[in-house]
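Visitor: Can you read through this structure? Questions will come right after.
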Amino acid sequence: MSNPTPDQTHASAPRSLGAPRPKRSRSLKFWGTLLAAVPLAGFLSCSLLHQGPYLPPEPLPDTPILDVHCHTAGIGAGGSGCFISESMQSSLRFDVYLDSFGTSVSELETRGDALILQKISKQLQESKHVGGAIILALDGVINAQGELDRSLTEIHVPNEFVETETAKYTNLFWGASVNPKRPDALERLQWAKDHGAKLVKWIPSIMLFDPADASFRPFYEKLVALNMPLLTHAGKEEAFTHAKNELCDPQRLHLPLQLGVTVIVAHIASTGSNQGERDTDRLSRMMGQYTNLFSEISSLTQLNKSGYLKEALIQPEWTGRLLYGTDYPLINTPLVSPYFYPLRLTRRQIRELRSIENPWDRDVALKQALGVPASVFARSAAFFQTW
Ligand SMILES: [Zn+2]
């Protein structure tokens, strides 16, 4: 039995004109109604506006998934040869990155930069869905003398370090990075191939060269001869303190594509623009022109890339051309969360996704729930024939 409400009391014993108004009961009722209404309104608007995933979710492939875009970094500890510039070390990003790698400066100083690869391998071993990752080296800026310009390079991860460390684990593969301005660039490509590199990784906007430069023709011909795909960043680069974004215009990639290089443009060239046009549009036009051009879905669930995953899944240009990647460790930063998809995921899904601890399983589950097809998850391993 519930207590009578003020209205019921009112009905049975009408208040005389001179009687005081039941202020307290009325205000309690008002606030009670309001408090009940707010979540209800939120629930109703979410329910009414709920759009569901971009595509109907599919079961994951039976075979393990390969992550084609996974970073490591280092401060030079343990003789790694890695370095991070002063400006990067003093920026807020540095702490966020170390945190997302699950380490700290003092831990790296004690145990060496190789610790990050050990941690990555262990987490991949624990992943239910992802069986391995391609760990990317990162070359720097090359000066007029053909040497590494440490004053202009923000992050350097040498090929030798990544090759040596990944060789210790069966679930780690590696991608070399060679600035084509290096005098010995072709020898470096040959070395990388001979030592099992799966691809060559570039970020032209921070390595400061123009992919359209005709003098790189022998470099591209060597990539074709070695059957080495080129994974290159395109679009706006926001992970570094400065970048020449025009060098990452996808339209600068016609030369390698025409020469037959297999080019994978990272994360559908998301977020940048050149000549008043989105880089993604500049790239999508090229997908129809070249059958040797691919892309991947790393970082597309980030808050600052809203709408790009939908585009990658819905627009026909990308069909059959997308690989799976994470851009690890960015999936561990606050930029990625299922809470950013209240109209695409149910509250229960959001809770379940939040509770997944393994970063790769969480990334796969989020992307699967949003509608990334099984074929995209399966394509990376088939592409690189890792297992
Ligand atoms: Zn990346």
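Scheme for the structure tokens: letters A, B, ... for chains in order shown; per-chain residue numbers from 1; ligand numbers from 1 in order shown.
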List the neighbours of Ile356 (chain A) out to 12 Å using only C-alpha atoms; skip same-chain residues closer than 6 positions along the sequence, and give me the result as a list in words.
Guide: Glu126, Ser127, Lys128, Asn332, Ser337, Pro338, Gln349, Ile350, Arg362, Asp363, Val364, Ala365 and Leu366 of chain A
Visitor: Would you list, as a list in words, the residues of region 255-377 of chain A that end up in strand (DSSP E) under DSSP run on this structure's backbone?
Guide: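 Everything in region 255-377 of chain A that counts as strand (DSSP E) is Val263, Ile264, Val265, Ser273, Asn274, Glu277, Arg278, Leu293, Phe294, Ser295, Glu296, Leu322 and Leu323 of chain A.
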Visitor: Any idea what's packed within 9 Å of Val261 (chain A), counting only C-alpha atoms, ignoring anything in its chain fewer than 2 positions away? Could you give it as a PDB file with C-alpha atoms, in the first residue's frame?
Guide:
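The result, written out as out27.pdb:
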```pdb
ATOM      1  CA  TYR A 220      59.737   2.779 -56.015  1.00  0.00           C
ATOM      2  CA  GLU A 221      61.166   0.374 -58.596  1.00  0.00           C
ATOM      3  CA  LEU A 223      59.898  -1.696 -53.743  1.00  0.00           C
ATOM      4  CA  VAL A 224      58.221  -3.353 -56.727  1.00  0.00           C
ATOM      5  CA  ASN A 227      57.424  -7.018 -53.551  1.00  0.00           C
ATOM      6  CA  MET A 228      57.291  -4.714 -50.512  1.00  0.00           C
ATOM      7  CA  PRO A 229      54.039  -2.814 -49.901  1.00  0.00           C
ATOM      8  CA  LEU A 230      54.245   0.807 -48.793  1.00  0.00           C
ATOM      9  CA  LEU A 255      54.071   8.134 -59.130  1.00  0.00           C
ATOM     10  CA  PRO A 256      54.517   5.007 -56.930  1.00  0.00           C
ATOM     11  CA  LEU A 257      51.067   3.751 -57.947  1.00  0.00           C
ATOM     12  CA  GLN A 258      51.802   4.180 -61.643  1.00  0.00           C
ATOM     13  CA  LEU A 259      55.094   2.317 -61.196  1.00  0.00           C
ATOM     14  CA  VAL A 263      50.295   1.270 -51.559  1.00  0.00           C
ATOM     15  CA  ASN A 292      47.218  -1.682 -56.302  1.00  0.00           C
ATOM     16  CA  LEU A 293      45.827   0.899 -53.853  1.00  0.00           C
TER      17      LEU A 293
END
```
Visitor: Can you tell me which residues sit at most 9 Å away from ligand 1, counting only C-alpha atoms and all ligand atoms, written as a list in words?
Guide: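 If we count only C-alpha atoms and all ligand atoms, the neighbours of ligand 1 turn out to be His69, Cys70, His71, Leu136, Ile203, His233, Ala239, Ala266, His267, Ser298, Ser299, Thr326, Asp327, Tyr328, Pro329 and Leu330 of chain A.
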Visitor: Could you write out that same residue set with C-alpha atoms as an mmCIF file, in the first residue's frame?
Guide:
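This is the output file out_0.cif:
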```cif
data_model
loop_
_atom_site.group_PDB
_atom_site.id
_atom_site.type_symbol
_atom_site.label_atom_id
_atom_site.label_comp_id
_atom_site.auth_asym_id
_atom_site.auth_seq_id
_atom_site.Cartn_x
_atom_site.Cartn_y
_atom_site.Cartn_z
ATOM 1 C CA HIS A 69 49.487 -0.772 -37.954
ATOM 2 C CA CYS A 70 51.125 -1.002 -34.529
ATOM 3 C CA HIS A 71 53.651 1.461 -33.110
ATOM 4 C CA LEU A 136 56.482 -0.196 -37.329
ATOM 5 C CA ILE A 203 54.887 9.556 -42.595
ATOM 6 C CA HIS A 233 50.253 8.101 -43.721
ATOM 7 C CA ALA A 239 50.222 12.903 -33.229
ATOM 8 C CA ALA A 266 46.545 4.695 -43.588
ATOM 9 C CA HIS A 267 43.041 5.240 -42.172
ATOM 10 C CA SER A 298 43.210 2.038 -37.840
ATOM 11 C CA SER A 299 42.278 5.013 -35.632
ATOM 12 C CA THR A 326 44.742 -0.362 -34.659
ATOM 13 C CA ASP A 327 47.340 2.455 -34.623
ATOM 14 C CA TYR A 328 48.283 1.033 -31.198
ATOM 15 C CA PRO A 329 48.845 2.569 -28.635
ATOM 16 C CA LEU A 330 46.273 5.219 -29.632
#
```
Visitor: Point out the residue among A:Ser306, A:Thr232, A:Asn358, A:Thr386 with the least atom-to-atom distance to Leu172 (chain A), counting only C-alpha atoms.
Guide: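 For Leu172 (chain A), the nearest of the given residues is A:Thr386.
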Visitor: Considering only helix (DSSP H, G or I) as DSSP defines it on the backbone, what residues of region 116-197 of chain A qualify? List them as a ChimeraX atom specification.
Guide: /A:116-126,159-166,185-194
Visitor: Please dump the current selection as a PDB file, in the first residue's frame; keep N, CA and C atoms.
Guide:
```pdb
ATOM      1  N   ILE A 116      58.679  -2.420 -24.186  1.00  0.00           N
ATOM      2  CA  ILE A 116      57.379  -2.128 -24.822  1.00  0.00           C
ATOM      3  C   ILE A 116      56.982  -3.272 -25.756  1.00  0.00           C
ATOM      4  N   LEU A 117      57.950  -3.799 -26.499  1.00  0.00           N
ATOM      5  CA  LEU A 117      57.649  -4.909 -27.417  1.00  0.00           C
ATOM      6  C   LEU A 117      57.292  -6.178 -26.650  1.00  0.00           C
ATOM      7  N   GLN A 118      57.939  -6.356 -25.524  1.00  0.00           N
ATOM      8  CA  GLN A 118      57.609  -7.509 -24.678  1.00  0.00           C
ATOM      9  C   GLN A 118      56.156  -7.400 -24.193  1.00  0.00           C
ATOM     10  N   LYS A 119      55.777  -6.209 -23.792  1.00  0.00           N
ATOM     11  CA  LYS A 119      54.400  -5.984 -23.322  1.00  0.00           C
ATOM     12  C   LYS A 119      53.390  -6.193 -24.455  1.00  0.00           C
ATOM     13  N   ILE A 120      53.729  -5.688 -25.649  1.00  0.00           N
ATOM     14  CA  ILE A 120      52.821  -5.842 -26.796  1.00  0.00           C
ATOM     15  C   ILE A 120      52.627  -7.327 -27.114  1.00  0.00           C
ATOM     16  N   SER A 121      53.756  -8.052 -27.160  1.00  0.00           N
ATOM     17  CA  SER A 121      53.676  -9.481 -27.487  1.00  0.00           C
ATOM     18  C   SER A 121      52.815 -10.233 -26.471  1.00  0.00           C
ATOM     19  N   LYS A 122      52.977  -9.903 -25.206  1.00  0.00           N
ATOM     20  CA  LYS A 122      52.222 -10.589 -24.146  1.00  0.00           C
ATOM     21  C   LYS A 122      50.720 -10.317 -24.289  1.00  0.00           C
ATOM     22  N   GLN A 123      50.390  -9.060 -24.534  1.00  0.00           N
ATOM     23  CA  GLN A 123      48.965  -8.718 -24.667  1.00  0.00           C
ATOM     24  C   GLN A 123      48.351  -9.362 -25.912  1.00  0.00           C
ATOM     25  N   LEU A 124      49.150  -9.473 -26.971  1.00  0.00           N
ATOM     26  CA  LEU A 124      48.646 -10.146 -28.174  1.00  0.00           C
ATOM     27  C   LEU A 124      48.445 -11.637 -27.909  1.00  0.00           C
ATOM     28  N   GLN A 125      49.337 -12.192 -27.108  1.00  0.00           N
ATOM     29  CA  GLN A 125      49.210 -13.604 -26.748  1.00  0.00           C
ATOM     30  C   GLN A 125      47.913 -13.840 -25.968  1.00  0.00           C
ATOM     31  N   GLU A 126      47.542 -12.864 -25.175  1.00  0.00           N
ATOM     32  CA  GLU A 126      46.330 -12.977 -24.362  1.00  0.00           C
ATOM     33  C   GLU A 126      45.063 -12.613 -25.141  1.00  0.00           C
ATOM     34  N   ASN A 159      65.258   0.669 -37.779  1.00  0.00           N
ATOM     35  CA  ASN A 159      64.910  -0.652 -38.317  1.00  0.00           C
ATOM     36  C   ASN A 159      65.594  -1.777 -37.545  1.00  0.00           C
ATOM     37  N   GLU A 160      66.900  -1.579 -37.246  1.00  0.00           N
ATOM     38  CA  GLU A 160      67.677  -2.649 -36.596  1.00  0.00           C
ATOM     39  C   GLU A 160      67.076  -3.034 -35.244  1.00  0.00           C
ATOM     40  N   PHE A 161      66.630  -2.034 -34.499  1.00  0.00           N
ATOM     41  CA  PHE A 161      66.026  -2.284 -33.186  1.00  0.00           C
ATOM     42  C   PHE A 161      64.725  -3.093 -33.329  1.00  0.00           C
ATOM     43  N   VAL A 162      63.863  -2.646 -34.241  1.00  0.00           N
ATOM     44  CA  VAL A 162      62.561  -3.327 -34.391  1.00  0.00           C
ATOM     45  C   VAL A 162      62.769  -4.748 -34.924  1.00  0.00           C
ATOM     46  N   GLU A 163      63.703  -4.893 -35.863  1.00  0.00           N
ATOM     47  CA  GLU A 163      63.969  -6.233 -36.423  1.00  0.00           C
ATOM     48  C   GLU A 163      64.478  -7.177 -35.339  1.00  0.00           C
ATOM     49  N   THR A 164      65.460  -6.713 -34.559  1.00  0.00           N
ATOM     50  CA  THR A 164      66.062  -7.563 -33.515  1.00  0.00           C
ATOM     51  C   THR A 164      65.030  -7.966 -32.464  1.00  0.00           C
ATOM     52  N   GLU A 165      64.226  -7.010 -32.033  1.00  0.00           N
ATOM     53  CA  GLU A 165      63.304  -7.297 -30.941  1.00  0.00           C
ATOM     54  C   GLU A 165      62.095  -8.125 -31.387  1.00  0.00           C
ATOM     55  N   THR A 166      61.568  -7.830 -32.585  1.00  0.00           N
ATOM     56  CA  THR A 166      60.402  -8.606 -33.032  1.00  0.00           C
ATOM     57  C   THR A 166      60.780 -10.059 -33.318  1.00  0.00           C
ATOM     58  N   ALA A 185      69.335   4.465 -49.449  1.00  0.00           N
ATOM     59  CA  ALA A 185      67.945   4.010 -49.276  1.00  0.00           C
ATOM     60  C   ALA A 185      67.702   2.637 -49.908  1.00  0.00           C
ATOM     61  N   LEU A 186      68.268   2.398 -51.100  1.00  0.00           N
ATOM     62  CA  LEU A 186      67.998   1.124 -51.773  1.00  0.00           C
ATOM     63  C   LEU A 186      68.630  -0.046 -51.017  1.00  0.00           C
ATOM     64  N   GLU A 187      69.844   0.188 -50.492  1.00  0.00           N
ATOM     65  CA  GLU A 187      70.501  -0.866 -49.689  1.00  0.00           C
ATOM     66  C   GLU A 187      69.687  -1.145 -48.427  1.00  0.00           C
ATOM     67  N   ARG A 188      69.120  -0.091 -47.844  1.00  0.00           N
ATOM     68  CA  ARG A 188      68.298  -0.264 -46.646  1.00  0.00           C
ATOM     69  C   ARG A 188      67.033  -1.070 -46.950  1.00  0.00           C
ATOM     70  N   LEU A 189      66.459  -0.832 -48.137  1.00  0.00           N
ATOM     71  CA  LEU A 189      65.275  -1.622 -48.519  1.00  0.00           C
ATOM     72  C   LEU A 189      65.642  -3.098 -48.666  1.00  0.00           C
ATOM     73  N   GLN A 190      66.790  -3.336 -49.312  1.00  0.00           N
ATOM     74  CA  GLN A 190      67.228  -4.719 -49.507  1.00  0.00           C
ATOM     75  C   GLN A 190      67.469  -5.398 -48.153  1.00  0.00           C
ATOM     76  N   TRP A 191      68.112  -4.675 -47.237  1.00  0.00           N
ATOM     77  CA  TRP A 191      68.386  -5.214 -45.891  1.00  0.00           C
ATOM     78  C   TRP A 191      67.076  -5.565 -45.181  1.00  0.00           C
ATOM     79  N   ALA A 192      66.113  -4.649 -45.310  1.00  0.00           N
ATOM     80  CA  ALA A 192      64.822  -4.877 -44.648  1.00  0.00           C
ATOM     81  C   ALA A 192      64.149  -6.137 -45.198  1.00  0.00           C
ATOM     82  N   LYS A 193      64.172  -6.273 -46.528  1.00  0.00           N
ATOM     83  CA  LYS A 193      63.555  -7.452 -47.145  1.00  0.00           C
ATOM     84  C   LYS A 193      64.271  -8.727 -46.684  1.00  0.00           C
ATOM     85  N   ASP A 194      65.606  -8.677 -46.721  1.00  0.00           N
ATOM     86  CA  ASP A 194      66.401  -9.853 -46.329  1.00  0.00           C
ATOM     87  C   ASP A 194      66.159 -10.238 -44.869  1.00  0.00           C
TER      88      ASP A 194
END
```
